[in-house]
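J.: Take a look at protein26.cif, mmCIF, C-alpha atoms:
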data_input
#
loop_
_atom_site.group_PDB
_atom_site.id
_atom_site.type_symbol
_atom_site.label_atom_id
_atom_site.label_comp_id
_atom_site.auth_asym_id
_atom_site.auth_seq_id
_atom_site.Cartn_x
_atom_site.Cartn_y
_atom_site.Cartn_z
ATOM 1 C CA MET A 1492 9.659 -23.247 11.485
ATOM 2 C CA LYS A 1493 5.936 -23.864 11.624
ATOM 3 C CA PRO A 1494 3.196 -21.643 13.063
ATOM 4 C CA ALA A 1495 2.009 -22.015 16.623
ATOM 5 C CA ALA A 1496 -1.358 -23.769 16.957
ATOM 6 C CA PHE A 1497 -4.436 -21.697 16.153
ATOM 7 C CA ASP A 1498 -8.158 -22.036 15.496
ATOM 8 C CA TYR A 1499 -9.307 -21.473 11.933
ATOM 9 C CA LEU A 1500 -12.540 -19.892 10.711
ATOM 10 C CA CYS A 1501 -13.477 -19.650 7.042
ATOM 11 C CA ALA A 1502 -15.819 -16.671 6.950
ATOM 12 C CA ALA A 1503 -18.747 -17.130 4.572
ATOM 13 C CA THR A 1504 -19.923 -13.544 5.010
ATOM 14 C CA THR A 1505 -18.504 -10.220 6.130
ATOM 15 C CA GLN A 1506 -20.621 -10.484 9.282
ATOM 16 C CA ASP A 1507 -18.977 -13.832 10.117
ATOM 17 C CA ALA A 1508 -15.581 -12.137 9.953
ATOM 18 C CA LEU A 1509 -16.700 -9.172 12.060
ATOM 19 C CA ASP A 1510 -18.189 -11.460 14.704
ATOM 20 C CA ALA A 1511 -14.953 -13.442 14.910
ATOM 21 C CA LEU A 1512 -12.829 -10.309 15.205
ATOM 22 C CA ALA A 1513 -15.119 -8.934 17.907
ATOM 23 C CA SER A 1514 -14.837 -12.117 19.971
ATOM 24 C CA GLY A 1515 -11.160 -12.748 19.290
ATOM 25 C CA GLY A 1516 -9.853 -9.207 19.736
ATOM 26 C CA GLU A 1517 -6.065 -8.991 19.679
ATOM 27 C CA ASP A 1518 -5.825 -12.788 19.510
ATOM 28 C CA ALA A 1519 -7.467 -12.893 16.051
ATOM 29 C CA ARG A 1520 -5.832 -12.151 12.691
ATOM 30 C CA VAL A 1521 -7.360 -11.822 9.238
ATOM 31 C CA LEU A 1522 -6.111 -14.128 6.482
ATOM 32 C CA ALA A 1523 -6.811 -13.019 2.915
ATOM 33 C CA GLY A 1524 -4.016 -13.823 0.457
ATOM 34 C CA GLY A 1525 -1.564 -14.803 3.186
ATOM 35 C CA GLN A 1526 1.529 -13.637 1.298
ATOM 36 C CA SER A 1527 2.724 -11.508 4.220
ATOM 37 C CA LEU A 1528 0.939 -13.153 7.137
ATOM 38 C CA MET A 1529 2.059 -16.744 6.558
ATOM 39 C CA ALA A 1530 5.740 -15.795 6.624
ATOM 40 C CA VAL A 1531 5.187 -13.953 9.911
ATOM 41 C CA LEU A 1532 3.325 -16.943 11.355
ATOM 42 C CA ASN A 1533 5.974 -19.433 10.227
ATOM 43 C CA MET A 1534 8.675 -17.417 11.983
ATOM 44 C CA ARG A 1535 6.375 -17.121 15.024
ATOM 45 C CA LEU A 1536 6.674 -13.353 15.002
ATOM 46 C CA ALA A 1537 2.900 -13.462 15.477
ATOM 47 C CA GLN A 1538 1.044 -16.183 17.376
ATOM 48 C CA PRO A 1539 -2.693 -15.509 17.089
ATOM 49 C CA ARG A 1540 -5.169 -17.926 18.606
ATOM 50 C CA MET A 1541 -7.544 -17.564 15.660
ATOM 51 C CA LEU A 1542 -7.186 -17.006 11.923
ATOM 52 C CA VAL A 1543 -10.224 -15.550 10.173
ATOM 53 C CA ASP A 1544 -10.019 -16.523 6.503
ATOM 54 C CA ILE A 1545 -11.908 -14.066 4.261
ATOM 55 C CA SER A 1546 -10.485 -15.288 0.958
ATOM 56 C CA ARG A 1547 -13.777 -16.997 0.004
ATOM 57 C CA THR A 1548 -16.025 -14.193 1.220
ATOM 58 C CA GLU A 1549 -17.626 -13.300 -2.103
ATOM 59 C CA GLU A 1550 -18.908 -9.857 -1.087
ATOM 60 C CA LEU A 1551 -15.372 -8.795 -0.109
ATOM 61 C CA GLY A 1552 -13.817 -9.878 -3.407
ATOM 62 C CA THR A 1553 -15.271 -7.099 -5.537
ATOM 63 C CA VAL A 1554 -13.577 -4.284 -7.440
ATOM 64 C CA ARG A 1555 -15.861 -1.442 -8.450
ATOM 65 C CA VAL A 1556 -15.491 1.998 -9.978
ATOM 66 C CA ASP A 1557 -17.681 4.876 -8.806
ATOM 67 C CA ARG A 1558 -17.149 7.583 -11.411
ATOM 68 C CA GLU A 1559 -19.549 9.976 -9.747
ATOM 69 C CA ALA A 1560 -17.627 9.840 -6.465
ATOM 70 C CA GLY A 1561 -14.307 9.537 -8.329
ATOM 71 C CA PHE A 1562 -12.724 6.403 -6.914
ATOM 72 C CA MET A 1563 -11.958 2.729 -7.492
ATOM 73 C CA GLU A 1564 -12.891 0.614 -4.473
ATOM 74 C CA VAL A 1565 -11.023 -2.653 -3.946
ATOM 75 C CA GLY A 1566 -12.565 -5.110 -1.491
ATOM 76 C CA ALA A 1567 -10.638 -6.894 1.235
ATOM 77 C CA ALA A 1568 -10.515 -10.248 -0.572
ATOM 78 C CA ALA A 1569 -9.766 -8.898 -4.072
ATOM 79 C CA THR A 1570 -6.390 -10.067 -5.316
ATOM 80 C CA GLN A 1571 -3.747 -7.792 -6.724
ATOM 81 C CA GLY A 1572 -4.000 -9.686 -10.001
ATOM 82 C CA SER A 1573 -7.723 -8.994 -10.300
ATOM 83 C CA VAL A 1574 -6.905 -5.276 -10.272
ATOM 84 C CA GLU A 1575 -3.697 -5.416 -12.300
ATOM 85 C CA TRP A 1576 -5.313 -7.297 -15.167
ATOM 86 C CA ARG A 1577 -8.306 -5.002 -15.541
ATOM 87 C CA PRO A 1578 -8.220 -3.871 -19.194
ATOM 88 C CA THR A 1579 -9.356 -0.384 -18.129
ATOM 89 C CA LEU A 1580 -6.857 0.109 -15.272
ATOM 90 C CA HIS A 1581 -4.551 2.390 -17.292
ATOM 91 C CA ASP A 1582 -7.431 4.793 -17.809
ATOM 92 C CA GLU A 1583 -8.850 4.479 -14.276
ATOM 93 C CA VAL A 1584 -5.822 4.550 -11.959
ATOM 94 C CA PRO A 1585 -2.677 4.795 -14.125
ATOM 95 C CA LEU A 1586 -0.309 4.963 -11.149
ATOM 96 C CA LEU A 1587 -1.457 1.519 -10.021
ATOM 97 C CA ALA A 1588 -0.806 0.181 -13.503
ATOM 98 C CA LEU A 1589 2.744 1.571 -13.354
ATOM 99 C CA ALA A 1590 3.417 0.132 -9.885
ATOM 100 C CA PHE A 1591 2.080 -3.421 -10.219
ATOM 101 C CA PRO A 1592 4.952 -4.831 -12.343
ATOM 102 C CA HIS A 1593 7.362 -3.893 -9.524
ATOM 103 C CA ILE A 1594 5.437 -5.898 -6.897
ATOM 104 C CA SER A 1595 7.138 -9.235 -6.279
ATOM 105 C CA HIS A 1596 6.194 -11.727 -9.043
ATOM 106 C CA PHE A 1597 2.959 -12.466 -10.859
ATOM 107 C CA GLN A 1598 2.432 -15.683 -8.869
ATOM 108 C CA ILE A 1599 2.397 -13.633 -5.655
ATOM 109 C CA ARG A 1600 0.102 -10.997 -7.164
ATOM 110 C CA ASN A 1601 -2.236 -13.769 -8.276
ATOM 111 C CA ARG A 1602 -2.804 -14.704 -4.623
ATOM 112 C CA GLY A 1603 -1.916 -11.632 -2.564
ATOM 113 C CA THR A 1604 -4.596 -9.027 -1.901
ATOM 114 C CA VAL A 1605 -4.483 -5.265 -2.278
ATOM 115 C CA CYS A 1606 -6.005 -4.671 1.153
ATOM 116 C CA GLY A 1607 -3.619 -7.179 2.716
ATOM 117 C CA SER A 1608 -0.627 -5.152 1.548
ATOM 118 C CA ILE A 1609 -2.227 -1.947 2.831
ATOM 119 C CA ALA A 1610 -3.039 -3.539 6.200
ATOM 120 C CA HIS A 1611 0.490 -4.969 6.536
ATOM 121 C CA ALA A 1612 1.898 -1.434 6.075
ATOM 122 C CA ASP A 1613 5.434 -2.319 5.073
ATOM 123 C CA PRO A 1614 7.127 1.035 4.344
ATOM 124 C CA SER A 1615 8.924 -0.494 1.349
ATOM 125 C CA ALA A 1616 5.764 -1.882 -0.267
ATOM 126 C CA GLU A 1617 4.424 -0.332 -3.444
ATOM 127 C CA LEU A 1618 0.668 -0.305 -2.772
ATOM 128 C CA PRO A 1619 0.808 1.787 0.424
ATOM 129 C CA LEU A 1620 3.029 4.199 -1.508
ATOM 130 C CA VAL A 1621 0.531 4.510 -4.366
ATOM 131 C CA LEU A 1622 -2.387 4.992 -1.969
ATOM 132 C CA THR A 1623 -0.451 7.769 -0.219
ATOM 133 C CA ALA A 1624 0.576 9.473 -3.463
ATOM 134 C CA LEU A 1625 -2.994 9.542 -4.737
ATOM 135 C CA GLY A 1626 -4.509 10.651 -1.439
ATOM 136 C CA GLY A 1627 -6.624 7.502 -1.191
ATOM 137 C CA SER A 1628 -8.477 6.158 1.808
ATOM 138 C CA VAL A 1629 -9.099 2.995 3.826
ATOM 139 C CA ARG A 1630 -12.545 1.818 4.922
ATOM 140 C CA LEU A 1631 -12.589 0.090 8.303
ATOM 141 C CA ARG A 1632 -15.552 -1.847 9.637
ATOM 142 C CA SER A 1633 -16.341 -3.471 12.977
ATOM 143 C CA GLN A 1634 -19.535 -4.757 14.577
ATOM 144 C CA LYS A 1635 -20.181 -1.297 15.994
ATOM 145 C CA LYS A 1636 -19.204 1.126 13.242
ATOM 146 C CA THR A 1637 -17.750 1.851 9.829
ATOM 147 C CA ARG A 1638 -15.175 4.582 9.350
ATOM 148 C CA GLU A 1639 -12.976 5.871 6.559
ATOM 149 C CA LEU A 1640 -9.439 7.153 7.075
ATOM 150 C CA ALA A 1641 -7.157 8.983 4.677
ATOM 151 C CA ALA A 1642 -3.990 7.064 3.873
ATOM 152 C CA ALA A 1643 -1.920 9.642 5.754
ATOM 153 C CA ASP A 1644 -3.932 8.937 8.910
ATOM 154 C CA PHE A 1645 -4.091 5.161 8.467
ATOM 155 C CA PHE A 1646 -0.336 4.523 8.215
ATOM 156 C CA GLN A 1647 1.302 5.215 11.571
ATOM 157 C CA GLY A 1648 4.752 3.631 11.340
ATOM 158 C CA MET A 1649 6.577 0.483 10.311
ATOM 159 C CA LEU A 1650 3.942 -2.291 10.179
ATOM 160 C CA MET A 1651 1.681 -0.025 12.255
ATOM 161 C CA THR A 1652 -1.748 1.295 11.300
ATOM 162 C CA ALA A 1653 -4.770 2.937 12.919
ATOM 163 C CA ARG A 1654 -6.818 -0.269 12.611
ATOM 164 C CA GLU A 1655 -8.345 -1.436 15.889
ATOM 165 C CA PRO A 1656 -8.145 -5.165 16.781
ATOM 166 C CA ASP A 1657 -11.860 -5.709 16.094
ATOM 167 C CA GLU A 1658 -11.804 -3.878 12.761
ATOM 168 C CA LEU A 1659 -11.599 -5.315 9.273
ATOM 169 C CA VAL A 1660 -9.975 -3.402 6.435
ATOM 170 C CA GLN A 1661 -13.134 -3.741 4.371
ATOM 171 C CA ALA A 1662 -11.868 -1.889 1.291
ATOM 172 C CA VAL A 1663 -9.422 0.687 0.009
ATOM 173 C CA ARG A 1664 -10.320 3.526 -2.342
ATOM 174 C CA PHE A 1665 -7.964 4.818 -5.015
ATOM 175 C CA PRO A 1666 -8.943 8.161 -6.597
ATOM 176 C CA LEU A 1667 -9.556 7.967 -10.328
ATOM 177 C CA LYS A 1668 -7.370 9.884 -12.752
ATOM 178 C CA GLN A 1669 -8.391 13.525 -13.051
ATOM 179 C CA PRO A 1670 -7.990 15.661 -16.181
ATOM 180 C CA GLY A 1671 -4.473 17.065 -16.450
ATOM 181 C CA GLU A 1672 -2.870 14.559 -14.064
ATOM 182 C CA ARG A 1673 0.219 12.662 -15.200
ATOM 183 C CA PHE A 1674 2.033 9.918 -13.329
ATOM 184 C CA GLY A 1675 5.458 8.392 -12.803
ATOM 185 C CA PHE A 1676 6.744 5.450 -10.752
ATOM 186 C CA THR A 1677 10.221 4.062 -10.255
ATOM 187 C CA GLU A 1678 12.144 2.125 -7.641
ATOM 188 C CA CYS A 1679 15.501 0.546 -6.845
ATOM 189 C CA SER A 1680 15.696 -2.959 -5.406
ATOM 190 C CA ALA A 1681 18.436 -5.553 -5.060
ATOM 191 C CA ARG A 1682 16.641 -7.844 -7.524
ATOM 192 C CA HIS A 1683 13.437 -7.555 -9.480
ATOM 193 C CA GLY A 1684 10.577 -8.505 -7.175
ATOM 194 C CA ASP A 1685 12.419 -7.681 -3.942
ATOM 195 C CA PHE A 1686 11.117 -4.984 -1.640
ATOM 196 C CA ALA A 1687 12.236 -1.546 -2.737
ATOM 197 C CA ILE A 1688 15.314 0.068 -1.231
ATOM 198 C CA VAL A 1689 13.749 3.363 -2.343
ATOM 199 C CA ALA A 1690 10.572 3.838 -4.389
ATOM 200 C CA CYS A 1691 9.065 7.051 -5.734
ATOM 201 C CA ALA A 1692 5.567 7.756 -7.072
ATOM 202 C CA ALA A 1693 4.815 11.114 -8.710
ATOM 203 C CA VAL A 1694 1.595 12.896 -9.626
ATOM 204 C CA VAL A 1695 2.189 15.994 -11.758
ATOM 205 C CA THR A 1696 -0.214 18.663 -13.020
ATOM 206 C CA ASP A 1697 0.430 21.976 -14.756
ATOM 207 C CA SER A 1698 0.538 23.713 -11.372
ATOM 208 C CA ALA A 1699 1.800 21.184 -8.803
ATOM 209 C CA ILE A 1700 3.981 18.160 -8.076
ATOM 210 C CA ARG A 1701 3.132 15.451 -5.537
ATOM 211 C CA LEU A 1702 5.933 13.022 -4.761
ATOM 212 C CA ALA A 1703 5.581 10.056 -2.407
ATOM 213 C CA VAL A 1704 8.694 8.192 -1.229
ATOM 214 C CA GLY A 1705 8.805 4.697 0.243
ATOM 215 C CA GLY A 1706 11.558 2.582 1.756
ATOM 216 C CA VAL A 1707 13.319 5.364 3.661
ATOM 217 C CA ALA A 1708 11.117 6.582 6.529
ATOM 218 C CA ASP A 1709 8.982 4.213 8.596
ATOM 219 C CA GLN A 1710 5.945 4.932 6.413
ATOM 220 C CA PRO A 1711 5.291 6.377 2.944
ATOM 221 C CA THR A 1712 5.996 10.108 2.925
ATOM 222 C CA LEU A 1713 4.239 12.614 0.679
ATOM 223 C CA GLU A 1714 5.655 15.984 -0.339
ATOM 224 C CA THR A 1715 3.775 18.603 -2.374
ATOM 225 C CA TRP A 1716 5.423 21.436 -4.312
ATOM 226 C CA PRO A 1717 4.401 23.987 -6.921
ATOM 227 C CA ARG A 1718 5.556 23.128 -10.442
ATOM 228 C CA LEU A 1719 9.293 23.411 -9.736
ATOM 229 C CA ARG A 1720 11.888 22.977 -12.464
ATOM 230 C CA GLY A 1721 15.642 22.699 -12.839
ATOM 231 C CA ASP A 1722 17.761 23.675 -9.866
ATOM 232 C CA ASP A 1723 14.697 24.579 -7.814
ATOM 233 C CA LEU A 1724 13.404 21.017 -8.133
ATOM 234 C CA ARG A 1725 16.838 19.529 -7.443
ATOM 235 C CA GLY A 1726 17.087 21.641 -4.310
ATOM 236 C CA ALA A 1727 13.644 20.519 -3.129
ATOM 237 C CA LEU A 1728 14.558 16.876 -3.715
ATOM 238 C CA ASN A 1729 17.789 17.313 -1.777
ATOM 239 C CA ASP A 1730 15.902 18.857 1.145
ATOM 240 C CA LEU A 1731 13.441 15.954 1.053
ATOM 241 C CA SER A 1732 16.240 13.386 1.016
ATOM 242 C CA TRP A 1733 17.507 14.780 4.345
ATOM 243 C CA LYS A 1734 14.040 15.295 5.804
ATOM 244 C CA LEU A 1735 13.239 11.577 5.516
ATOM 245 C CA GLY A 1736 15.898 10.663 8.089
ATOM 246 C CA ALA A 1737 17.584 7.843 6.172
ATOM 247 C CA GLN A 1738 19.497 5.333 8.300
ATOM 248 C CA ASP A 1739 22.477 3.098 7.584
ATOM 249 C CA SER A 1740 21.674 -0.613 7.298
ATOM 250 C CA ALA A 1741 23.674 -3.784 6.763
ATOM 251 C CA HIS A 1742 23.054 -3.522 3.018
ATOM 252 C CA ILE A 1743 23.011 0.193 2.180
ATOM 253 C CA SER A 1744 24.234 3.458 3.652
ATOM 254 C CA ALA A 1745 22.098 6.453 4.533
ATOM 255 C CA THR A 1746 24.169 8.468 2.061
ATOM 256 C CA TYR A 1747 23.201 6.178 -0.795
ATOM 257 C CA ARG A 1748 19.530 6.201 0.221
ATOM 258 C CA ARG A 1749 19.551 9.995 0.059
ATOM 259 C CA HIS A 1750 21.186 9.782 -3.367
ATOM 260 C CA LEU A 1751 18.433 7.421 -4.532
ATOM 261 C CA VAL A 1752 15.709 9.762 -3.280
ATOM 262 C CA ARG A 1753 17.203 12.597 -5.331
ATOM 263 C CA GLN A 1754 17.736 10.512 -8.473
ATOM 264 C CA LEU A 1755 14.576 8.411 -8.416
ATOM 265 C CA GLY A 1756 12.442 11.357 -7.389
ATOM 266 C CA TRP A 1757 13.707 13.321 -10.388
ATOM 267 C CA ARG A 1758 13.145 10.327 -12.683
ATOM 268 C CA ALA A 1759 9.558 9.741 -11.497
ATOM 269 C CA ILE A 1760 8.702 13.428 -11.946
ATOM 270 C CA GLU A 1761 10.283 13.515 -15.410
ATOM 271 C CA GLU A 1762 8.317 10.403 -16.383
ATOM 272 C CA ALA A 1763 5.115 12.151 -15.328
ATOM 273 C CA LYS A 1764 5.693 15.320 -17.381
#
Now that the file is in, can you turn its structure into structure tokens?
T.:
Amino acid sequence: MKPAAFDYLCAATTQDALDALASGGEDARVLAGGQSLMAVLNMRLAQPRMLVDISRTEELGTVRVDREAGFMEVGAAATQGSVEWRPTLHDEVPLLALAFPHISHFQIRNRGTVCGSIAHADPSAELPLVLTALGGSVRLRSQKKTRELAAADFFQGMLMTAREPDELVQAVRFPLKQPGERFGFTECSARHGDFAIVACAAVVTDSAIRLAVGGVADQPTLETWPRLRGDDLRGALNDLSWKLGAQDSAHISATYRRHLVRQLGWRAIEEAK
């Protein structure tokens, strides 16, 4: 299929994009990398009257590190590849470095944007999971205001976020690695590059464990425990596997999803020790 007819605006500046979103409202959609949006348009699951292309908006294509504030900020037009191939990424945000090889294929990451994946909010996608695990945030901007939401408040369900129709996901902020933090990431998918059936991202310190799980509930889910070990940790993972409310699908049973949560959760935590 082909998309329904729409008007197209190539935004030269952020203000151009904000003006278009303000006038278009729910009939306008933002196009950055297009790796998620174009498939939706081709199947006519979305039929916007206007596409606002920000891919050439230079001021939105930046990636910057603010060490004083403790975060890496990725602009709305910055590609996944531009972050993945930073030579300093392993020292800045190691969990991102661990997750990127699992995201589709390098050709997709070369075009797809970080903010686009966050805005799309697929519960099986790796970048929303990493943002949740790290306690990152999303900066939203409209003509009237700018606001910043924690990842836990931004994601509201399957393909659902707190973004208003006139708002642009201007940037996302990933916290920088803190002393004593260690990280693990693992997932199970039908084939390399497919969306995860279950994915787990772990942040471990000497006193605590944070484990985020994707692909089971309708949004990434974060659980925090003290530094559990052995049977105590296995019991906590089992409780989490039931808490997530796994459902049977045409391809995998709820029982097997729960098994993957227990096994992959343990593996991600062990990797982070």
J.: Taking only residues of region 1500-1561 of chain A that have an atom at most 10 Å from an atom of region 1649-1665 of chain A, what is each one's shortest atom pair and its distance in Å to one decimal, using only C-alpha atoms, in chain and number order, as CSV?
T.:
residue,atom,partner,partner_atom,distance
A:Thr1505,CA,A:Gln1661,CA,8.6
A:Ala1508,CA,A:Leu1659,CA,7.9
A:Leu1509,CA,A:Leu1659,CA,7.0
A:Asp1510,CA,A:Asp1657,CA,8.7
A:Ala1511,CA,A:Asp1657,CA,8.4
A:Leu1512,CA,A:Asp1657,CA,4.8
A:Ala1513,CA,A:Asp1657,CA,4.9
A:Ser1514,CA,A:Asp1657,CA,8.1
A:Gly1515,CA,A:Asp1657,CA,7.8
A:Gly1516,CA,A:Pro1656,CA,5.3
A:Glu1517,CA,A:Pro1656,CA,5.2
A:Asp1518,CA,A:Pro1656,CA,8.4
A:Ala1519,CA,A:Pro1656,CA,7.8
A:Arg1520,CA,A:Pro1656,CA,8.4
A:Val1521,CA,A:Leu1659,CA,7.8
A:Leu1551,CA,A:Gln1661,CA,7.1
A:Gly1552,CA,A:Ala1662,CA,9.5
A:Thr1553,CA,A:Ala1662,CA,9.2
A:Val1554,CA,A:Ala1662,CA,9.2
A:Arg1555,CA,A:Arg1664,CA,9.6
A:Val1556,CA,A:Arg1664,CA,9.3
A:Asp1557,CA,A:Arg1664,CA,9.9
A:Gly1561,CA,A:Phe1665,CA,8.6
J.: Can you write out as a Markdown table which residues of region 1531-1608 of chain A fall within 10 Å of region 1494-1499 of chain A, alongside each residue's closest atom pair and its distance in Å to one decimal, counting all atoms listed in the file and ordering rows by chain and ascending residue number?
T.:
| residue | atom | partner | partner_atom | distance |
| --- | --- | --- | --- | --- |
| A:Val1531 | CA | A:Pro1494 | CA | 8.5 |
| A:Leu1532 | CA | A:Pro1494 | CA | 5.0 |
| A:Asn1533 | CA | A:Pro1494 | CA | 4.5 |
| A:Met1534 | CA | A:Pro1494 | CA | 7.0 |
| A:Arg1535 | CA | A:Pro1494 | CA | 5.9 |
| A:Leu1536 | CA | A:Pro1494 | CA | 9.2 |
| A:Ala1537 | CA | A:Pro1494 | CA | 8.5 |
| A:Gln1538 | CA | A:Ala1495 | CA | 6.0 |
| A:Pro1539 | CA | A:Phe1497 | CA | 6.5 |
| A:Arg1540 | CA | A:Phe1497 | CA | 4.6 |
| A:Met1541 | CA | A:Asp1498 | CA | 4.5 |
| A:Leu1542 | CA | A:Tyr1499 | CA | 4.9 |
| A:Val1543 | CA | A:Tyr1499 | CA | 6.2 |
| A:Asp1544 | CA | A:Tyr1499 | CA | 7.4 |
J.: I'd like the interatomic distance between CA of Ala1567 (chain A) and CA of Ile1545 (chain A), to a tenth of an Å.
T.: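 Value for the CA of Ala1567 (chain A)-CA of Ile1545 (chain A) distance: 7.9 Å.
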J.: List the residues sitting within 8 Å of (-4.4, 12.3, -6.3) in the file's frame, using all atoms listed in the file, as a list in words.
T.: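 Within the cut-off we find Ala1624, Leu1625, Gly1626, Gly1627, Pro1666, Leu1667, Lys1668, Gln1669 and Val1694 of chain A.
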J.: Please dump the current selection as a compact mmCIF listing (two decimals), in the coordinates of the input; keep C-alpha atoms.
T.:
# COMPACT_ATOMS: atom_id res chain seq x y z
CA ALA A 1624 0.58 9.47 -3.46
CA LEU A 1625 -2.99 9.54 -4.74
CA GLY A 1626 -4.51 10.65 -1.44
CA GLY A 1627 -6.62 7.50 -1.19
CA PRO A 1666 -8.94 8.16 -6.60
CA LEU A 1667 -9.56 7.97 -10.33
CA LYS A 1668 -7.37 9.88 -12.75
CA GLN A 1669 -8.39 13.52 -13.05
CA VAL A 1694 1.60 12.90 -9.63
J.: With the file shown as input, list the residues that the PyMOL selection byres ((chain A and resi 1607) around 9) selects, as a short mmCIF file (atom, residue, chain, number, x, y, z; two decimals) with C-alpha atoms, in the frame of the given file.
T.:
data_model
loop_
_atom_site.label_atom_id
_atom_site.label_comp_id
_atom_site.auth_asym_id
_atom_site.auth_seq_id
_atom_site.Cartn_x
_atom_site.Cartn_y
_atom_site.Cartn_z
CA VAL A 1521 -7.36 -11.82 9.24
CA LEU A 1522 -6.11 -14.13 6.48
CA ALA A 1523 -6.81 -13.02 2.92
CA GLY A 1524 -4.02 -13.82 0.46
CA GLY A 1525 -1.56 -14.80 3.19
CA GLN A 1526 1.53 -13.64 1.30
CA SER A 1527 2.72 -11.51 4.22
CA LEU A 1528 0.94 -13.15 7.14
CA ALA A 1567 -10.64 -6.89 1.24
CA ALA A 1568 -10.52 -10.25 -0.57
CA THR A 1570 -6.39 -10.07 -5.32
CA GLY A 1603 -1.92 -11.63 -2.56
CA THR A 1604 -4.60 -9.03 -1.90
CA VAL A 1605 -4.48 -5.26 -2.28
CA CYS A 1606 -6.00 -4.67 1.15
CA SER A 1608 -0.63 -5.15 1.55
CA ILE A 1609 -2.23 -1.95 2.83
CA ALA A 1610 -3.04 -3.54 6.20
CA HIS A 1611 0.49 -4.97 6.54
CA ALA A 1612 1.90 -1.43 6.08
CA VAL A 1660 -9.98 -3.40 6.44
#
J.: How about completing region 1613-1629 of chain A with N, CA and C atoms and giving it to me as a PDB file, in the coordinates of the input?
T.:
ATOM      1  N   ASP A1613       3.978  -2.318   5.211  1.00  0.00           N
ATOM      2  CA  ASP A1613       5.434  -2.319   5.073  1.00  0.00           C
ATOM      3  C   ASP A1613       5.845  -1.022   4.371  1.00  0.00           C
ATOM      4  N   PRO A1614       6.763  -0.254   4.951  1.00  0.00           N
ATOM      5  CA  PRO A1614       7.127   1.035   4.344  1.00  0.00           C
ATOM      6  C   PRO A1614       7.832   0.913   3.009  1.00  0.00           C
ATOM      7  N   SER A1615       8.277  -0.284   2.647  1.00  0.00           N
ATOM      8  CA  SER A1615       8.924  -0.494   1.349  1.00  0.00           C
ATOM      9  C   SER A1615       7.962  -1.025   0.290  1.00  0.00           C
ATOM     10  N   ALA A1616       6.729  -1.290   0.665  1.00  0.00           N
ATOM     11  CA  ALA A1616       5.764  -1.882  -0.267  1.00  0.00           C
ATOM     12  C   ALA A1616       5.183  -0.827  -1.207  1.00  0.00           C
ATOM     13  N   GLU A1617       4.858  -1.265  -2.411  1.00  0.00           N
ATOM     14  CA  GLU A1617       4.424  -0.332  -3.444  1.00  0.00           C
ATOM     15  C   GLU A1617       2.983   0.157  -3.261  1.00  0.00           C
ATOM     16  N   LEU A1618       2.076  -0.709  -2.838  1.00  0.00           N
ATOM     17  CA  LEU A1618       0.668  -0.305  -2.772  1.00  0.00           C
ATOM     18  C   LEU A1618       0.396   0.759  -1.708  1.00  0.00           C
ATOM     19  N   PRO A1619       0.969   0.667  -0.502  1.00  0.00           N
ATOM     20  CA  PRO A1619       0.808   1.787   0.424  1.00  0.00           C
ATOM     21  C   PRO A1619       1.365   3.094  -0.131  1.00  0.00           C
ATOM     22  N   LEU A1620       2.440   3.002  -0.906  1.00  0.00           N
ATOM     23  CA  LEU A1620       3.029   4.199  -1.508  1.00  0.00           C
ATOM     24  C   LEU A1620       2.075   4.829  -2.522  1.00  0.00           C
ATOM     25  N   VAL A1621       1.469   4.002  -3.368  1.00  0.00           N
ATOM     26  CA  VAL A1621       0.531   4.510  -4.366  1.00  0.00           C
ATOM     27  C   VAL A1621      -0.690   5.128  -3.692  1.00  0.00           C
ATOM     28  N   LEU A1622      -1.217   4.460  -2.677  1.00  0.00           N
ATOM     29  CA  LEU A1622      -2.387   4.992  -1.969  1.00  0.00           C
ATOM     30  C   LEU A1622      -2.071   6.348  -1.352  1.00  0.00           C
ATOM     31  N   THR A1623      -0.868   6.496  -0.809  1.00  0.00           N
ATOM     32  CA  THR A1623      -0.451   7.769  -0.219  1.00  0.00           C
ATOM     33  C   THR A1623      -0.294   8.837  -1.286  1.00  0.00           C
ATOM     34  N   ALA A1624       0.346   8.492  -2.398  1.00  0.00           N
ATOM     35  CA  ALA A1624       0.576   9.473  -3.463  1.00  0.00           C
ATOM     36  C   ALA A1624      -0.728  10.005  -4.031  1.00  0.00           C
ATOM     37  N   LEU A1625      -1.722   9.145  -4.139  1.00  0.00           N
ATOM     38  CA  LEU A1625      -2.994   9.542  -4.737  1.00  0.00           C
ATOM     39  C   LEU A1625      -3.946  10.183  -3.730  1.00  0.00           C
ATOM     40  N   GLY A1626      -3.594  10.126  -2.448  1.00  0.00           N
ATOM     41  CA  GLY A1626      -4.509  10.651  -1.439  1.00  0.00           C
ATOM     42  C   GLY A1626      -5.730   9.773  -1.270  1.00  0.00           C
ATOM     43  N   GLY A1627      -5.530   8.453  -1.339  1.00  0.00           N
ATOM     44  CA  GLY A1627      -6.624   7.502  -1.191  1.00  0.00           C
ATOM     45  C   GLY A1627      -7.031   7.308   0.252  1.00  0.00           C
ATOM     46  N   SER A1628      -7.936   6.360   0.471  1.00  0.00           N
ATOM     47  CA  SER A1628      -8.477   6.158   1.808  1.00  0.00           C
ATOM     48  C   SER A1628      -8.709   4.681   2.080  1.00  0.00           C
ATOM     49  N   VAL A1629      -8.885   4.370   3.360  1.00  0.00           N
ATOM     50  CA  VAL A1629      -9.099   2.995   3.826  1.00  0.00           C
ATOM     51  C   VAL A1629     -10.419   2.950   4.586  1.00  0.00           C
TER      52      VAL A1629
END
